[in-house]
Structures are given as C-alpha cells and as structure tokens.
>>> print(open('protein.cif').read())   # mmCIF, C-alpha atoms
data_final
#
loop_
_atom_site.label_atom_id
_atom_site.label_comp_id
_atom_site.auth_asym_id
_atom_site.auth_seq_id
_atom_site.Cartn_x
_atom_site.Cartn_y
_atom_site.Cartn_z
CA MET A 1 -73.04 -234.51 -147.80
CA PRO A 2 -75.96 -232.23 -148.65
CA GLN A 3 -78.26 -233.60 -151.34
CA TRP A 4 -77.98 -230.46 -153.48
CA LEU A 5 -74.18 -230.80 -153.63
CA LEU A 6 -74.46 -234.49 -154.50
CA GLN A 7 -76.83 -233.57 -157.34
CA ILE A 8 -74.38 -230.98 -158.70
CA ASP A 9 -71.44 -233.39 -158.36
CA GLY A 10 -73.38 -236.19 -160.04
CA GLY A 11 -74.68 -233.89 -162.76
CA ILE A 12 -71.15 -232.83 -163.68
CA LEU A 13 -70.01 -236.45 -163.91
CA LEU A 14 -72.97 -237.41 -166.09
CA TRP A 15 -72.34 -234.39 -168.32
CA ILE A 16 -68.69 -235.46 -168.77
CA GLN A 17 -69.81 -239.03 -169.49
CA ASN A 18 -72.48 -237.97 -172.00
CA PHE A 19 -70.73 -235.12 -173.80
CA LEU A 20 -66.95 -235.46 -173.42
CA ARG A 21 -66.22 -239.17 -173.42
CA CYS A 22 -65.32 -240.49 -176.86
CA ALA A 23 -63.45 -243.34 -178.52
CA VAL A 24 -60.36 -241.16 -179.04
CA LEU A 25 -60.07 -239.77 -175.50
CA ASP A 26 -61.16 -242.83 -173.52
CA PRO A 27 -57.93 -244.85 -173.87
CA ILE A 28 -55.76 -241.75 -173.37
CA MET A 29 -57.55 -240.78 -170.15
CA ILE A 30 -57.56 -244.37 -168.88
CA ILE A 31 -53.81 -244.71 -169.40
CA TYR A 32 -53.08 -241.29 -167.88
CA THR A 33 -55.21 -241.90 -164.80
CA GLN A 34 -53.61 -245.34 -164.31
CA MET A 35 -50.17 -243.73 -164.49
CA GLY A 36 -51.21 -241.94 -161.29
CA ASP A 37 -51.91 -245.22 -159.46
CA ALA A 38 -49.85 -245.23 -156.24
CA GLY A 39 -48.42 -241.88 -157.40
CA ILE A 40 -46.09 -243.75 -159.74
CA LEU A 41 -45.92 -241.04 -162.43
CA TRP A 42 -44.99 -238.37 -159.90
CA ILE A 43 -42.55 -240.62 -158.04
CA VAL A 44 -40.73 -241.55 -161.25
CA LEU A 45 -40.52 -237.91 -162.33
CA SER A 46 -39.25 -236.92 -158.87
CA VAL A 47 -36.54 -239.59 -158.99
CA VAL A 48 -35.50 -238.35 -162.44
CA LEU A 49 -35.30 -234.80 -161.04
CA ILE A 50 -33.12 -236.04 -158.16
CA CYS A 51 -30.66 -237.47 -160.70
CA ILE A 52 -30.12 -234.04 -162.30
CA PRO A 53 -28.07 -231.65 -160.14
CA ARG A 54 -30.01 -228.50 -161.16
CA THR A 55 -33.36 -230.08 -160.23
CA ARG A 56 -32.30 -232.28 -157.30
CA LYS A 57 -34.03 -230.07 -154.74
CA ALA A 58 -37.28 -230.21 -156.74
CA GLY A 59 -37.19 -234.01 -156.67
CA PHE A 60 -36.62 -234.21 -152.93
CA VAL A 61 -39.23 -231.58 -152.05
CA SER A 62 -41.85 -233.27 -154.23
CA LEU A 63 -41.21 -236.66 -152.59
CA ILE A 64 -41.70 -235.06 -149.17
CA ALA A 65 -44.88 -233.38 -150.42
CA MET A 66 -46.27 -236.64 -151.78
CA LEU A 67 -45.49 -238.47 -148.54
CA LEU A 68 -47.39 -235.80 -146.61
CA GLY A 69 -50.25 -236.06 -149.11
CA LEU A 70 -50.37 -239.84 -148.78
CA LEU A 71 -50.62 -239.54 -145.00
CA CYS A 72 -53.35 -236.88 -145.22
CA THR A 73 -55.51 -238.50 -147.90
CA ASN A 74 -55.08 -242.26 -147.90
CA VAL A 75 -54.22 -242.78 -144.24
CA VAL A 76 -56.47 -240.20 -142.55
CA LEU A 77 -59.13 -238.41 -144.62
CA LYS A 78 -60.43 -241.24 -146.80
CA HIS A 79 -61.12 -243.39 -143.74
CA LEU A 80 -62.40 -240.52 -141.63
CA VAL A 81 -64.89 -239.30 -144.26
CA GLY A 82 -65.75 -242.69 -145.80
CA ARG A 83 -67.49 -241.28 -148.88
CA THR A 84 -68.42 -243.98 -151.39
CA ARG A 85 -67.43 -243.94 -155.04
CA PRO A 86 -69.67 -242.00 -157.44
CA TRP A 87 -70.84 -244.92 -159.59
CA LEU A 88 -72.48 -246.35 -156.46
CA MET A 89 -74.42 -243.13 -155.87
CA VAL A 90 -75.03 -241.59 -159.30
CA GLU A 91 -77.55 -243.53 -161.34
CA GLY A 92 -76.34 -244.15 -164.90
CA LEU A 93 -72.66 -243.37 -164.25
CA ILE A 94 -70.34 -246.00 -165.74
CA PRO A 95 -66.72 -245.99 -164.54
CA LEU A 96 -64.05 -246.67 -167.14
CA VAL A 97 -61.54 -248.14 -164.65
CA ALA A 98 -61.85 -250.39 -161.62
CA GLU A 99 -61.11 -248.87 -158.23
CA ASN A 100 -60.43 -251.21 -155.34
CA ASP A 101 -60.51 -248.54 -152.62
CA PRO A 102 -64.17 -247.99 -151.69
CA ASN A 103 -63.46 -244.50 -150.32
CA SER A 104 -63.68 -241.57 -152.67
CA PHE A 105 -62.93 -238.40 -150.67
CA PRO A 106 -60.45 -236.84 -151.30
CA SER A 107 -58.81 -237.91 -154.54
CA GLY A 108 -55.39 -239.38 -153.76
CA HIS A 109 -54.34 -239.24 -157.43
CA THR A 110 -55.12 -235.52 -157.53
CA CYS A 111 -53.44 -234.91 -154.19
CA ALA A 112 -50.21 -236.56 -155.33
CA ALA A 113 -50.28 -234.64 -158.62
CA PHE A 114 -50.79 -231.26 -156.98
CA ALA A 115 -48.37 -232.01 -154.14
CA ALA A 116 -45.65 -232.68 -156.72
CA ALA A 117 -46.67 -229.73 -158.91
CA SER A 118 -46.78 -227.37 -155.94
CA ALA A 119 -43.30 -228.46 -154.87
CA TRP A 120 -42.00 -228.16 -158.43
CA CYS A 121 -43.46 -224.67 -158.83
CA ARG A 122 -41.38 -223.58 -155.84
CA THR A 123 -38.16 -225.31 -156.88
CA LEU A 124 -37.79 -225.91 -160.61
CA PRO A 125 -35.47 -223.49 -162.44
CA ARG A 126 -37.55 -222.79 -165.57
CA ARG A 127 -41.00 -221.26 -165.89
CA TRP A 128 -42.08 -223.68 -168.64
CA MET A 129 -41.35 -226.59 -166.29
CA LYS A 130 -43.67 -225.10 -163.68
CA ILE A 131 -46.42 -224.60 -166.25
CA VAL A 132 -46.09 -228.20 -167.47
CA ALA A 133 -46.27 -229.42 -163.85
CA VAL A 134 -49.52 -227.54 -163.20
CA VAL A 135 -51.07 -228.67 -166.49
CA MET A 136 -50.14 -232.29 -165.77
CA ALA A 137 -51.64 -232.06 -162.27
CA ALA A 138 -54.86 -230.49 -163.57
CA LEU A 139 -55.09 -233.17 -166.23
CA MET A 140 -54.72 -235.87 -163.56
CA GLY A 141 -57.59 -234.35 -161.58
CA PHE A 142 -59.74 -234.13 -164.69
CA SER A 143 -58.90 -237.71 -165.66
CA ARG A 144 -60.37 -238.90 -162.35
CA LEU A 145 -63.66 -237.21 -163.27
CA TYR A 146 -63.49 -238.42 -166.87
CA VAL A 147 -63.14 -242.07 -165.89
CA GLY A 148 -65.95 -241.66 -163.34
CA VAL A 149 -64.18 -242.67 -160.14
CA HIS A 150 -64.31 -239.36 -158.23
CA PHE A 151 -66.78 -236.59 -157.60
CA PRO A 152 -65.68 -233.04 -158.52
CA THR A 153 -65.57 -232.17 -154.81
CA ASP A 154 -63.21 -235.14 -154.25
CA VAL A 155 -60.87 -233.71 -156.88
CA LEU A 156 -61.08 -230.17 -155.47
CA ALA A 157 -60.31 -231.45 -151.98
CA GLY A 158 -57.41 -233.54 -153.33
CA MET A 159 -56.08 -230.46 -155.08
CA ALA A 160 -56.31 -228.37 -151.90
CA VAL A 161 -54.60 -231.02 -149.77
CA GLY A 162 -51.90 -231.48 -152.42
CA LEU A 163 -51.21 -227.75 -152.62
CA LEU A 164 -51.01 -227.55 -148.83
CA CYS A 165 -48.63 -230.53 -148.70
CA GLY A 166 -46.42 -228.99 -151.40
CA TRP A 167 -46.19 -225.80 -149.36
CA LEU A 168 -45.47 -227.71 -146.14
CA ALA A 169 -42.78 -229.77 -147.87
CA TRP A 170 -41.14 -226.55 -149.06
CA LEU A 171 -41.17 -225.20 -145.49
CA ILE A 172 -39.70 -228.47 -144.20
CA TRP A 173 -36.97 -228.34 -146.85
CA LYS A 174 -36.12 -224.74 -145.92
CA ARG A 175 -35.92 -225.70 -142.23
CA LEU A 176 -33.67 -228.66 -143.04
CA ALA A 177 -31.44 -226.46 -145.19
CA ALA A 178 -31.19 -223.86 -142.40
CA TRP A 179 -30.42 -226.59 -139.85
CA ARG A 180 -27.76 -228.11 -142.11
CA SER A 181 -26.05 -224.74 -142.58
CA TRP A 182 -26.18 -224.10 -138.82
CA GLU A 183 -24.59 -227.50 -138.16
CA ALA A 184 -21.75 -226.95 -140.66
#
>>> encode(input="protein.cif", output="structure tokens")
Amino acid sequence: MPQWLLQIDGGILLWIQNFLRCAVLDPIMIIYTQMGDAGILWIVLSVVLICIPRTRKAGFVSLIAMLLGLLCTNVVLKHLVGRTRPWLMVEGLIPLVAENDPNSFPSGHTCAAFAAASAWCRTLPRRWMKIVAVVMAALMGFSRLYVGVHFPTDVLAGMAVGLLCGWLAWLIWKRLAAWRSWEA
C-alpha cells in the first residue's frame, strides 16, 4: 500500500478516535459492531424475512449474497492481500474491540452488511425498508472505523464487494426463478 494512502487512512482513524469517540457512543458502537460478528445480525434479519411471505425472496437473496461475500472476503481476499490491522500500523490508535483475525482488507462486517442491504434494496416491497437497510449497512461500516479495527479503504472495499455480491445474488435468484418456471 502506498505510504500516502496509509497516512490518509491512519489520519482518518485518529481523527475519529480523537474527535468522535465519547462515553455515550462507545458502548453503542461496540455493541453494534459486535452484532455484525460472523454476519449474525444480517443472518438473523434474513431468516426473519424468510418467515414472512411478502419478504421471503429478500431473505433468500440476502443469504446468497452474504455467502458470496464470505467467500470473496474471508476465504479469498483477506488471505490474498494479508493487510494487517490498523492498530498495528497507526501509532496511537487504540482499538475498542478485540479482533482475532489478523487480516484487515477488506472488511467482512461491511461486506456482509452491504451484501444484505444490496439484496434487500432489490427485493423488499417498501421504500422505507430499503432506506433502513442502507443506513444500517453504512452504520456497520462506520462502526468498524469507530472501534479502530479497519482502515477506511478496508471498509470501502468491503462495501464494494458487498454491493457486487448483492447484485450477483439477485442475478442468481432470477436465473433460478427462470429455470424453475421452465421446469414447471
């Protein structure tokens, strides 16, 4: 990674740490970011959507999207890139949560959030639901910066991969639906 980009990334994290972190937000952001561990928040919401007939498709498409995102980020990209966590590279940065995975790029939490949100934006029946999905995904990405476990470029890459996976899941779902109607 170019040094100038590392300086910008690190500077943003230090700015968040020095000017945005506070006693009120810290526990909220810690809990929210931990709800994204293993994609659990998005998986639970997807299962709930599957249980409701009007949103069943949204639940299935988001699960496909998150599976694709998991394969892209945690199985391939994190190991291929091997970028270390920011607190190991940015002097003075103090993480608020422990991360066991030493690889930082891209953000798996952000990928899962945007994979689900992207799928939901294509499938949910109400506009307000789509807006809530995007806000929740953006908040997950920001929480990863707030707690100091990802660089901004990690989060942006996670967002891009998640959006791509949401789109691919939608295409897969459409193909499956076309195949099922052809078979009937």
>>> residues_around(input="protein.cif", residues="Val97 in chain A", least_positions_apart="3", cutoff="8 Å", atoms="only C-alpha atoms", output="PDB file with C-alpha atoms, in the frame of the given file")
ATOM      1  CA  ILE A  30     -57.560-244.370-168.880  1.00  0.00           C
ATOM      2  CA  VAL A 147     -63.140-242.070-165.890  1.00  0.00           C
ATOM      3  CA  GLY A 148     -65.950-241.660-163.340  1.00  0.00           C
ATOM      4  CA  VAL A 149     -64.180-242.670-160.140  1.00  0.00           C
TER       5      VAL A 149
END
>>> resolve_selection(input="protein.cif", expression="the PyMOL selection byres ((chain A and resi 59) around 6)", output="ChimeraX atom specification")
/A:46,49-50,56-58,60-62
>>> closest_atom_pairs(input="protein.cif", of="range 132-162 of chain A", to="range 1-8 of chain A", cutoff="9 Å", atoms="only C-alpha atoms", output="CSV")
residue,atom,partner,partner_atom,distance
A:Phe151,CA,A:Leu6,CA,8.5
A:Pro152,CA,A:Ile8,CA,8.9
A:Thr153,CA,A:Leu5,CA,8.8
>>> write_last_selection(input="protein.cif", atoms="C-alpha atoms", output="compact mmCIF listing (two decimals), keeping the file's coordinate frame")
# COMPACT_ATOMS: atom_id res chain seq x y z
CA PHE A 151 -66.78 -236.59 -157.60
CA PRO A 152 -65.68 -233.04 -158.52
CA THR A 153 -65.57 -232.17 -154.81
>>> resolve_selection(input="protein.cif", expression="the PyMOL selection byres ((chain A and resi 36) around 10)", output="PyMOL selection string")
chain A and resi 31-35+37-43+108-110+112-113+137+140-141+143-144
>>> residues_around(input="protein.cif", residues="range 157-173 of chain A", least_positions_apart="3", cutoff="7 Å", atoms="all atoms listed in the file", output="list of chain:residue names")
A:Val61, A:Ser62, A:Ile64, A:Ala65, A:Leu68, A:Gly69, A:Pro106, A:Ser107, A:Gly108, A:Thr110, A:Cys111, A:Ala112, A:Phe114, A:Ala115, A:Ala116, A:Ser118, A:Ala119, A:Thr153, A:Asp154, A:Leu176, A:Ala177
>>> atom_distance(input="protein.cif", atom1="CA of Ala133 in chain A", atom2="CA of Ala117 in chain A")
5.0 Å
>>> closest_residue(input="protein.cif", among="A:Ile131, A:Leu124, A:Leu13, A:Leu96", to="Met29 in chain A", atoms="only C-alpha atoms")
A:Leu96
>>> resolve_selection(input="protein.cif", expression="the PyMOL selection byres ((chain A and resi 86) around 8)", output="PyMOL selection string")
chain A and resi 10+84-85+87-90+93+104+148-151
>>> atom_distance(input="protein.cif", atom1="CA of Asp26 in chain A", atom2="CA of Val48 in chain A")
28.3 Å
>>> atom_distance(input="protein.cif", atom1="CA of Asp101 in chain A", atom2="CA of His79 in chain A")
10.3 Å
>>> closest_residue(input="protein.cif", among="A:Arg83, A:Arg21, A:Lys174, A:Arg127", to="Pro102 in chain A", atoms="only C-alpha atoms")
A:Arg83
>>> closest_residue(input="protein.cif", among="A:Thr55, A:Ile28, A:Leu14, A:Cys72", to="Lys130 in chain A", atoms="only C-alpha atoms")
A:Thr55
>>> closest_residue(input="protein.cif", among="A:Val24, A:Asn100, A:Leu70, A:Leu63", to="Leu45 in chain A", atoms="all atoms listed in the file")
A:Leu63
>>> closest_residue(input="protein.cif", among="A:Cys51, A:Leu145, A:Val76, A:Leu156", to="Leu20 in chain A", atoms="all atoms listed in the file")
A:Leu145
>>> closest_residue(input="protein.cif", among="A:Thr73, A:Trp15, A:Arg126, A:Arg54", to="Val155 in chain A", atoms="all atoms listed in the file")
A:Thr73
>>> build_atoms(input="protein.cif", residues="range 129-151 of chain A", atoms="N, CA and C atoms", output="JSON list (two decimals), in the coordinates of the input")
[["chain", "number", "residue", "atom", "x", "y", "z"],
["A", 129, "MET", "N", -41.26, -225.37, -167.08],
["A", 129, "MET", "CA", -41.35, -226.59, -166.29],
["A", 129, "MET", "C", -42.48, -226.49, -165.27],
["A", 130, "LYS", "N", -42.61, -225.33, -164.67],
["A", 130, "LYS", "CA", -43.67, -225.10, -163.68],
["A", 130, "LYS", "C", -45.05, -225.16, -164.33],
["A", 131, "ILE", "N", -45.15, -224.58, -165.52],
["A", 131, "ILE", "CA", -46.42, -224.60, -166.25],
["A", 131, "ILE", "C", -46.79, -226.03, -166.63],
["A", 132, "VAL", "N", -45.83, -226.79, -167.12],
["A", 132, "VAL", "CA", -46.09, -228.20, -167.47],
["A", 132, "VAL", "C", -46.54, -228.98, -166.24],
["A", 133, "ALA", "N", -45.91, -228.72, -165.09],
["A", 133, "ALA", "CA", -46.27, -229.42, -163.85],
["A", 133, "ALA", "C", -47.72, -229.15, -163.46],
["A", 134, "VAL", "N", -48.15, -227.90, -163.56],
["A", 134, "VAL", "CA", -49.52, -227.54, -163.20],
["A", 134, "VAL", "C", -50.51, -228.14, -164.20],
["A", 135, "VAL", "N", -50.18, -228.10, -165.48],
["A", 135, "VAL", "CA", -51.07, -228.67, -166.49],
["A", 135, "VAL", "C", -51.20, -230.18, -166.29],
["A", 136, "MET", "N", -50.09, -230.85, -166.01],
["A", 136, "MET", "CA", -50.14, -232.29, -165.77],
["A", 136, "MET", "C", -50.99, -232.63, -164.54],
["A", 137, "ALA", "N", -50.86, -231.82, -163.49],
["A", 137, "ALA", "CA", -51.64, -232.06, -162.27],
["A", 137, "ALA", "C", -53.13, -231.84, -162.55],
["A", 138, "ALA", "N", -53.46, -230.76, -163.25],
["A", 138, "ALA", "CA", -54.86, -230.49, -163.57],
["A", 138, "ALA", "C", -55.44, -231.59, -164.45],
["A", 139, "LEU", "N", -54.64, -232.08, -165.37],
["A", 139, "LEU", "CA", -55.09, -233.17, -166.23],
["A", 139, "LEU", "C", -55.33, -234.45, -165.43],
["A", 140, "MET", "N", -54.50, -234.70, -164.41],
["A", 140, "MET", "CA", -54.72, -235.87, -163.56],
["A", 140, "MET", "C", -56.05, -235.74, -162.83],
["A", 141, "GLY", "N", -56.31, -234.57, -162.27],
["A", 141, "GLY", "CA", -57.59, -234.35, -161.58],
["A", 141, "GLY", "C", -58.76, -234.54, -162.52],
["A", 142, "PHE", "N", -58.66, -233.98, -163.72],
["A", 142, "PHE", "CA", -59.74, -234.13, -164.69],
["A", 142, "PHE", "C", -59.91, -235.59, -165.11],
["A", 143, "SER", "N", -58.80, -236.31, -165.24],
["A", 143, "SER", "CA", -58.90, -237.71, -165.66],
["A", 143, "SER", "C", -59.70, -238.54, -164.65],
["A", 144, "ARG", "N", -59.62, -238.18, -163.38],
["A", 144, "ARG", "CA", -60.37, -238.90, -162.35],
["A", 144, "ARG", "C", -61.88, -238.67, -162.51],
["A", 145, "LEU", "N", -62.24, -237.49, -162.98],
["A", 145, "LEU", "CA", -63.66, -237.21, -163.27],
["A", 145, "LEU", "C", -64.06, -237.92, -164.57],
["A", 146, "TYR", "N", -63.21, -237.84, -165.56],
["A", 146, "TYR", "CA", -63.49, -238.42, -166.87],
["A", 146, "TYR", "C", -63.77, -239.91, -166.77],
["A", 147, "VAL", "N", -62.96, -240.63, -166.00],
["A", 147, "VAL", "CA", -63.14, -242.07, -165.89],
["A", 147, "VAL", "C", -64.23, -242.44, -164.88],
["A", 148, "GLY", "N", -64.78, -241.45, -164.20],
["A", 148, "GLY", "CA", -65.95, -241.66, -163.34],
["A", 148, "GLY", "C", -65.68, -242.26, -161.97],
["A", 149, "VAL", "N", -64.48, -242.06, -161.43],
["A", 149, "VAL", "CA", -64.18, -242.67, -160.14],
["A", 149, "VAL", "C", -64.13, -241.68, -158.98],
["A", 150, "HIS", "N", -64.29, -240.39, -159.27],
["A", 150, "HIS", "CA", -64.31, -239.36, -158.23],
["A", 150, "HIS", "C", -65.35, -238.30, -158.54],
["A", 151, "PHE", "N", -65.92, -237.76, -157.49],
["A", 151, "PHE", "CA", -66.78, -236.59, -157.60],
["A", 151, "PHE", "C", -65.91, -235.35, -157.79]]
